[in-house]
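Worksheet for the structure shown next.
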Amino acid sequence: MNGYSILEIAKALGAEAVGETGLKVSGAAEPASANGRQIAIAMEPRYAADLQKGDATCALLARGMDWQSLGLKAAVLVDRPRLALAGLTSFLDPGPSLPSGIHPTAIVDPTARLGSGVDLGPYVVVGPGAVVGDRSRIDSHVSISGGTTIGREAIILAGARIGRNTRIGDRFVAHSGVVIGADGFSFVTPEKSSVETVRETLGGAASDQGVSQSWLKIQSLGGVLIGDDVEIGANSSVDAGTIRPTSVGDGTKIDALVQVGHNVQVGRNCLLCAHVAVGGSARLGDNVVLGGQVGVADNISLGNGVIAGGATKILSNVPAGRALLGYPAMKMETHVEVYKALRRLPRLFAIVENLQKSVSKTKQSD
Amino acid sequence: MNGYSILEIAKALGAEAVGETGLKVSGAAEPASANGRQIAIAMEPRYAADLQKGDATCALLARGMDWQSLGLKAAVLVDRPRLALAGLTSFLDPGPSLPSGIHPTAIVDPTARLGSGVDLGPYVVVGPGAVVGDRSRIDSHVSISGGTTIGREAIILAGARIGRNTRIGDRFVAHSGVVIGADGFSFVTPEKSSVETVRETLGGAASDQGVSQSWLKIQSLGGVLIGDDVEIGANSSVDAGTIRPTSVGDGTKIDALVQVGHNVQVGRNCLLCAHVAVGGSARLGDNVVLGGQVGVADNISLGNGVIAGGATKILSNVPAGRALLGYPAMKMETHVEVYKALRRLPRLFAIVENLQKSVSKTKQSD
Amino acid sequence: MNGYSILEIAKALGAEAVGETGLKVSGAAEPASANGRQIAIAMEPRYAADLQKGDATCALLARGMDWQSLGLKAAVLVDRPRLALAGLTSFLDPGPSLPSGIHPTAIVDPTARLGSGVDLGPYVVVGPGAVVGDRSRIDSHVSISGGTTIGREAIILAGARIGRNTRIGDRFVAHSGVVIGADGFSFVTPEKSSVETVRETLGGAASDQGVSQSWLKIQSLGGVLIGDDVEIGANSSVDAGTIRPTSVGDGTKIDALVQVGHNVQVGRNCLLCAHVAVGGSARLGDNVVLGGQVGVADNISLGNGVIAGGATKILSNVPAGRALLGYPAMKMETHVEVYKALRRLPRLFAIVENLQKSVSKTKQSD
């Protein structure tokens, strides 16, 4: 292959090309390991220092960096490094190597409808009445249940499971092992359960451990509704709603091993990092960002723009725009202050003990 | 389809029908979005207020609510709303749309035994000596390893993996991506490991980072034993025991993305919510309820009826009937008290500092 | 089958056989449930007491235990019980019952290369240019993407997904549902995002909830590099790197439902327990041990031999050899001290209140 010229790359990124802009590369690499056919990613000075260890003759640099003093023949100068990285990796990415066309082992129900240019890999199963939009690419071993609708240009990777009653917008990306539309975790005891008592009393009344309680299931009839431009990571699960659909808004990105419970409403352009768990019927506004292992209790509401740091456990409603940390969640700045105090807590006990002695002596000496 | 009459629904729920009880519906919906062919779910006054926004002519209401003043033609009056929801959704649920019969692509070992009325979807694999009970329904891409026994009327959804040495009771439900019987996570170093030292000294001795230690595996020969009426959510995993089986008692329900470690004993009628992790050899009594993201350390014992709120991390044994919260777990009421104190902690430091000054002055003035 | 003699077992474990060492057994069991054909695992006195409840005539005991007074005919005496358990279970384990040879339904791209003695189960798919080493055993429904290299003697269980650009060493074990090489969770907004503002100000500036921000994806071109003797548990996920590979070192063992983010470097001989989440670009040294549900923030560095107890949340760099606990992580001994103080905190408030009263009186009486 002939690769891409520095000029072509700069154009694709809307950036500036400098030096021998006709120089061609076939890929990208970190500065220390780049060879002469790769553009080095060196947008911070500390990374640029590694250019000497590798054989790069050109690099992606932040505007203002001196490409000539770094010994380069050419460079692409960018204003927002991570944005440029998105552009460059998209430009270079050949995409997943999915097979083209309908593999002969794919089993498609005669009542299902496939758009034009749809690819189905080996051992794919598409159920009755399912609809798959134009140019969607479905990898091996995927199952799409009956009655499900998927928009255009989806990429669904090996072994993902798209359950019944699911409607998905355009440009959906599902990684391997994703499960959409499993039943919600919703059970009820015939009589009042110990959990209900504990919730009412905040633990004040001990649960009655003598009574055996069995659980009846509330079925999930509501399905799942997913907007456009949504991506869901490996082995994540979005449960079906009870009566109305669980919903995920346009542009929202969900990482690996995330659980979105039944009836949950996730807004637009949210980020849910790995191992996030959102409890049943919780509502997340737009542009909510939840760090890894964040938990959101059931029936909770988070306003637009809420940001929660890693492992925050959110047990009550949060107004729009708030940044959170901790378990239970506090405002991030409060948490930082409380955490500092916490580390000094054993010392505080010693101080108070001394104070008690002093006061006691003062009293005695009165 | 002709749907169900209000009278039929009330009978199915053991509830009271009022008004034009011959009125027919074909499904259920929330009050605001219900159409004339749907029964609205409006068992709380705040939901009933939304009836005006939709076109429902009948509703499921809590006893005591005034169906006529809500403008309805008919209603089903119930005593325990969530229980009625379980009844109604089960009544209306057509169940998963699994294919009937043995699909020609299902591969069943000649020594496996299938009960009567068993359904096997496309690309199912059943290993040597496996047994599947009457009327069990196995969705596409499921694998059932050799020597495994599954009871009657199971529903096993697409891509679930039932490993070797597993015995499962009747009416088992496994969602997509469930893995039963993977090897336990059990390793040992030839010499005493740094982890053992840390456990003995509670971190007092730093681990010897200079020594490289490799891990030998303790194999999992014990399999898994699952009772009747157990349900396991999407992408959850129950590991095999070492010598004796890991066990899950009758009626226990496990949510999505839960990990049950090797040798664990889970009692009857427990609820384990999403992302729960139960460490190896832990023992849970009956009717234990663990909220989302709860962790149970290995070798820990929880008595009957223990309830842990979301994200509780249980590091030591817990007596029966206790309600817990926090990391490390405390009694729920203690945690609430400690948490309140924690938020006031920075203030406490200020108060104590002032006290120190006062006492110091008092002393000087003596 | 004739089973193994006590002498054979002792030899396999490098241990001492005593009594009727020709006695034969066909398996192992716990003391209370062992029958006459099973060797009882009774290496602690509290377990040995149960020998009376079962029918064992021989047992695996710790050196120094009196086999004759326990009523046994023979015993194997070992120095390090868990190590002996690794040896015995490996000796007795028949291994997963995978089918032999290439199943006729396995689909192997003509450009893929399979070593000698490779087993491929039903419905396996191997992509173009993939390489599978000698004697590797691939269970049903596994997919191996194009361009991937797997070493010798791998065991890859049903439904695991090995993505593109992955290179794996020898003796790899992957349990069902493992996903290697999914895209990293790496997105950027065209303009500065609210998350960047919060990171800079530690939550001091509220995020601007008025502005809707959409996310552009940074693609994952770097693949995954996995060493020799690595094992990965059910439904765990290791994401591909951006430019360079995400890497997992020789001898590292990863439990179920673990997420290893993009660009992460995990050292050699680490243990990552269930539900661990390692954020993007984090670096773990050798012999790091992370308990269940531990979280490691992105871009963090952990030195060799770091040990973190269950549910520890590590938000900043950690030097080698340190033992940690808590959220945010503290040195384990500090955490124990802080936790004790925390439980006494409400009492401290009462003490300080009393002190205030005393001091106030003292002042007034001056």
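For the structure tokens, the naming scheme is as follows: chains receive sequential letters (A, B, ...) according to their order of presentation, residues are indexed from 1 within each chain, and ligands are indexed from 1 in presentation order.
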
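Residues within 7 Å of Ala256 in chain C, counting only C-alpha atoms and excluding same-chain residues fewer than 2 positions away, are C:Gly233, C:Ala234, C:Asn235, C:Ser236, C:Ile254, C:Val258, C:Ala274, C:His275.
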
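Contacts from chain B to chain A at a cut-off of 6 Å (only C-alpha atoms) map to Ala29, Leu83, Ala86, Thr89, Ser90, Asp255, Asn269, Asn304, Gly305, Gly321, Arg322, Ala323, Met332, Glu333 and Pro346 of chain B.
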
Sel. of strand (DSSP E or B) residues, range 59-213 of chain A, as JSON, numbers by chain: {"A": [59, 60, 61, 62, 74, 75, 76, 77, 78, 102, 107, 108, 113, 114, 119, 120, 125, 126, 131, 132, 137, 138, 143, 144, 149, 150, 155, 156, 161, 162, 166, 167, 168, 173, 174, 179, 180, 181, 182, 187, 188]}

List as an MDAnalysis selection string the protein and nucleic acid residues near Val18 in chain A, meaning an atom at most 8 Å away when only C-alpha atoms are counted, but skip any in the same chain fewer than 2 places from it. chainID A and resid 16 20:21 74:77

Hey, what does DSSP flag as helix (DSSP H, G or I) within range 40-275 of chain A? Can you give it to me as a list in words? Pro45, Arg46, Tyr47, Ala48, Ala49, Asp50, Leu51, Gln52, Lys53, Pro81, Arg82, Leu83, Ala84, Leu85, Ala86, Gly87, Leu88, Thr89, Ser90, Phe91, Leu92, Ser194, Val195, Glu196, Thr197, Val198, Arg199, Glu200 and Thr201 of chain A

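The spacing separating CA of Leu51 in chain A from CA of Ala32 in chain A amounts to 5.6 Å.
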
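Minimum distance to Ala329 in chain A across A:Asn317, A:Thr197, A:Thr111, A:Gln38 (counting only C-alpha atoms) occurs at A:Asn317.
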
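Here CA of Ala12 in chain B and CA of Ala84 in chain B stand 9.6 Å from one another.
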
State, in Å with one decimal place, the distance from CA of Gly3 in chain B to CA of Ser97 in chain B. 18.8 Å

If we count only C-alpha atoms, what is near range 60-64 of chain A at a cut-off of 9 Å, once residues fewer than 6 positions away on the same chain are taken out, given as number ranges by chain? A: 16, 39-45, 48, 75-81, 84-85

Would you mind exporting all heavy atoms of the selected residues as a compact mmCIF listing (two decimals), in the first residue's frame?
```txt
# COMPACT_ATOMS: atom_id res chain seq x y z
N GLU A 16 -2.96 21.92 10.17
CA GLU A 16 -1.93 22.51 9.32
C GLU A 16 -0.80 21.52 9.06
O GLU A 16 -0.32 20.86 9.99
CB GLU A 16 -1.36 23.76 10.02
CG GLU A 16 -0.33 24.51 9.17
CD GLU A 16 0.31 25.67 9.95
OE1 GLU A 16 -0.08 25.88 11.11
OE2 GLU A 16 1.20 26.32 9.38
N ILE A 39 3.49 7.88 11.33
CA ILE A 39 3.44 9.21 11.93
C ILE A 39 3.40 9.03 13.45
O ILE A 39 2.62 8.23 13.97
CB ILE A 39 2.22 10.03 11.41
CG1 ILE A 39 2.22 11.43 12.03
CG2 ILE A 39 0.90 9.32 11.65
CD1 ILE A 39 1.24 12.39 11.35
N ALA A 40 4.31 9.74 14.14
CA ALA A 40 4.39 9.62 15.60
C ALA A 40 3.36 10.53 16.25
O ALA A 40 3.13 11.65 15.80
CB ALA A 40 5.79 10.00 16.08
N ILE A 41 2.73 10.02 17.33
CA ILE A 41 1.73 10.79 18.08
C ILE A 41 2.48 11.43 19.24
O ILE A 41 2.80 10.77 20.22
CB ILE A 41 0.62 9.86 18.62
CG1 ILE A 41 0.07 8.96 17.51
CG2 ILE A 41 -0.48 10.68 19.27
CD1 ILE A 41 -0.63 9.69 16.41
N ALA A 42 2.76 12.71 19.13
CA ALA A 42 3.67 13.35 20.10
C ALA A 42 3.16 14.73 20.47
O ALA A 42 3.90 15.71 20.41
CB ALA A 42 5.08 13.41 19.50
N MET A 43 1.90 14.78 20.90
CA MET A 43 1.26 16.08 21.07
C MET A 43 1.56 16.74 22.40
O MET A 43 1.12 17.86 22.64
CB MET A 43 -0.23 15.94 20.84
CG MET A 43 -0.51 15.53 19.38
SD MET A 43 -2.25 15.21 19.07
CE MET A 43 -2.47 13.67 19.95
N GLU A 44 2.30 16.05 23.28
CA GLU A 44 2.76 16.70 24.50
C GLU A 44 4.28 16.66 24.52
O GLU A 44 4.89 15.67 24.10
CB GLU A 44 2.21 15.98 25.73
CG GLU A 44 0.70 16.09 25.83
CD GLU A 44 0.19 15.56 27.16
OE1 GLU A 44 0.91 15.70 28.18
OE2 GLU A 44 -0.91 15.00 27.18
N PRO A 45 4.90 17.74 25.04
CA PRO A 45 6.36 17.80 25.04
C PRO A 45 7.02 16.56 25.64
O PRO A 45 8.03 16.07 25.14
CB PRO A 45 6.64 19.05 25.88
CG PRO A 45 5.44 19.92 25.66
CD PRO A 45 4.28 18.98 25.52
N ALA A 48 7.13 14.05 23.03
CA ALA A 48 8.00 14.45 21.92
C ALA A 48 9.46 14.11 22.22
O ALA A 48 10.24 13.80 21.31
CB ALA A 48 7.84 15.94 21.65
N ALA A 75 5.39 17.69 9.78
CA ALA A 75 4.51 17.55 10.94
C ALA A 75 3.11 18.03 10.61
O ALA A 75 2.90 18.79 9.67
CB ALA A 75 5.06 18.35 12.14
N VAL A 76 2.15 17.52 11.38
CA VAL A 76 0.78 18.02 11.35
C VAL A 76 0.56 18.74 12.68
O VAL A 76 0.77 18.15 13.74
CB VAL A 76 -0.24 16.88 11.18
CG1 VAL A 76 -1.67 17.41 11.25
CG2 VAL A 76 0.01 16.14 9.87
N LEU A 77 0.18 20.02 12.61
CA LEU A 77 0.02 20.82 13.82
C LEU A 77 -1.46 20.97 14.15
O LEU A 77 -2.24 21.42 13.31
CB LEU A 77 0.66 22.20 13.62
CG LEU A 77 2.15 22.17 13.24
CD1 LEU A 77 2.67 23.58 12.99
CD2 LEU A 77 2.97 21.46 14.32
N VAL A 78 -1.84 20.62 15.38
CA VAL A 78 -3.27 20.60 15.73
C VAL A 78 -3.54 21.47 16.95
O VAL A 78 -2.65 21.73 17.76
CB VAL A 78 -3.76 19.15 16.02
CG1 VAL A 78 -3.47 18.26 14.83
CG2 VAL A 78 -3.13 18.61 17.28
N ASP A 79 -4.80 21.88 17.09
CA ASP A 79 -5.18 22.78 18.18
C ASP A 79 -5.67 22.03 19.41
O ASP A 79 -5.47 22.46 20.53
CB ASP A 79 -6.28 23.74 17.70
CG ASP A 79 -5.73 24.74 16.72
OD1 ASP A 79 -4.61 25.24 16.96
OD2 ASP A 79 -6.39 24.98 15.69
N ARG A 80 -6.37 20.90 19.19
CA ARG A 80 -6.95 20.18 20.32
C ARG A 80 -6.51 18.72 20.18
O ARG A 80 -7.11 17.93 19.43
CB ARG A 80 -8.48 20.32 20.27
CG ARG A 80 -9.20 19.76 21.46
CD ARG A 80 -10.62 20.30 21.59
NE ARG A 80 -11.46 19.42 22.38
CZ ARG A 80 -11.40 19.29 23.70
NH1 ARG A 80 -10.55 20.00 24.40
NH2 ARG A 80 -12.21 18.44 24.32
N PRO A 81 -5.47 18.33 20.91
CA PRO A 81 -4.82 17.03 20.65
C PRO A 81 -5.75 15.82 20.67
O PRO A 81 -5.71 15.00 19.74
CB PRO A 81 -3.78 16.95 21.78
CG PRO A 81 -3.39 18.38 22.02
CD PRO A 81 -4.67 19.15 21.85
N ALA A 84 -7.78 15.70 17.63
CA ALA A 84 -6.98 15.27 16.48
C ALA A 84 -6.76 13.75 16.50
O ALA A 84 -6.74 13.10 15.45
CB ALA A 84 -5.63 15.98 16.50
N LEU A 85 -6.63 13.20 17.71
CA LEU A 85 -6.44 11.75 17.83
C LEU A 85 -7.69 11.01 17.34
O LEU A 85 -7.61 9.96 16.69
CB LEU A 85 -6.12 11.40 19.28
CG LEU A 85 -5.54 10.02 19.57
CD1 LEU A 85 -4.29 9.76 18.76
CD2 LEU A 85 -5.26 9.86 21.06
```

If we count only C-alpha atoms, what is near Asp139 in chain B at a cut-off of 7 Å, once residues fewer than 5 positions away on the same chain are taken out, given as an mmCIF file with C-alpha atoms, in the first residue's frame?
```
data_model
loop_
_atom_site.group_PDB
_atom_site.id
_atom_site.type_symbol
_atom_site.label_atom_id
_atom_site.label_comp_id
_atom_site.auth_asym_id
_atom_site.auth_seq_id
_atom_site.Cartn_x
_atom_site.Cartn_y
_atom_site.Cartn_z
ATOM 1 C CA LEU B 98 -38.438 -19.012 21.034
ATOM 2 C CA LEU B 120 -33.818 -26.356 20.905
ATOM 3 C CA GLY B 121 -33.128 -23.254 18.816
ATOM 4 C CA ILE B 156 -32.438 -20.622 28.659
ATOM 5 C CA LEU B 157 -31.897 -17.613 26.458
ATOM 6 C CA ALA B 158 -29.533 -17.041 23.564
#
```
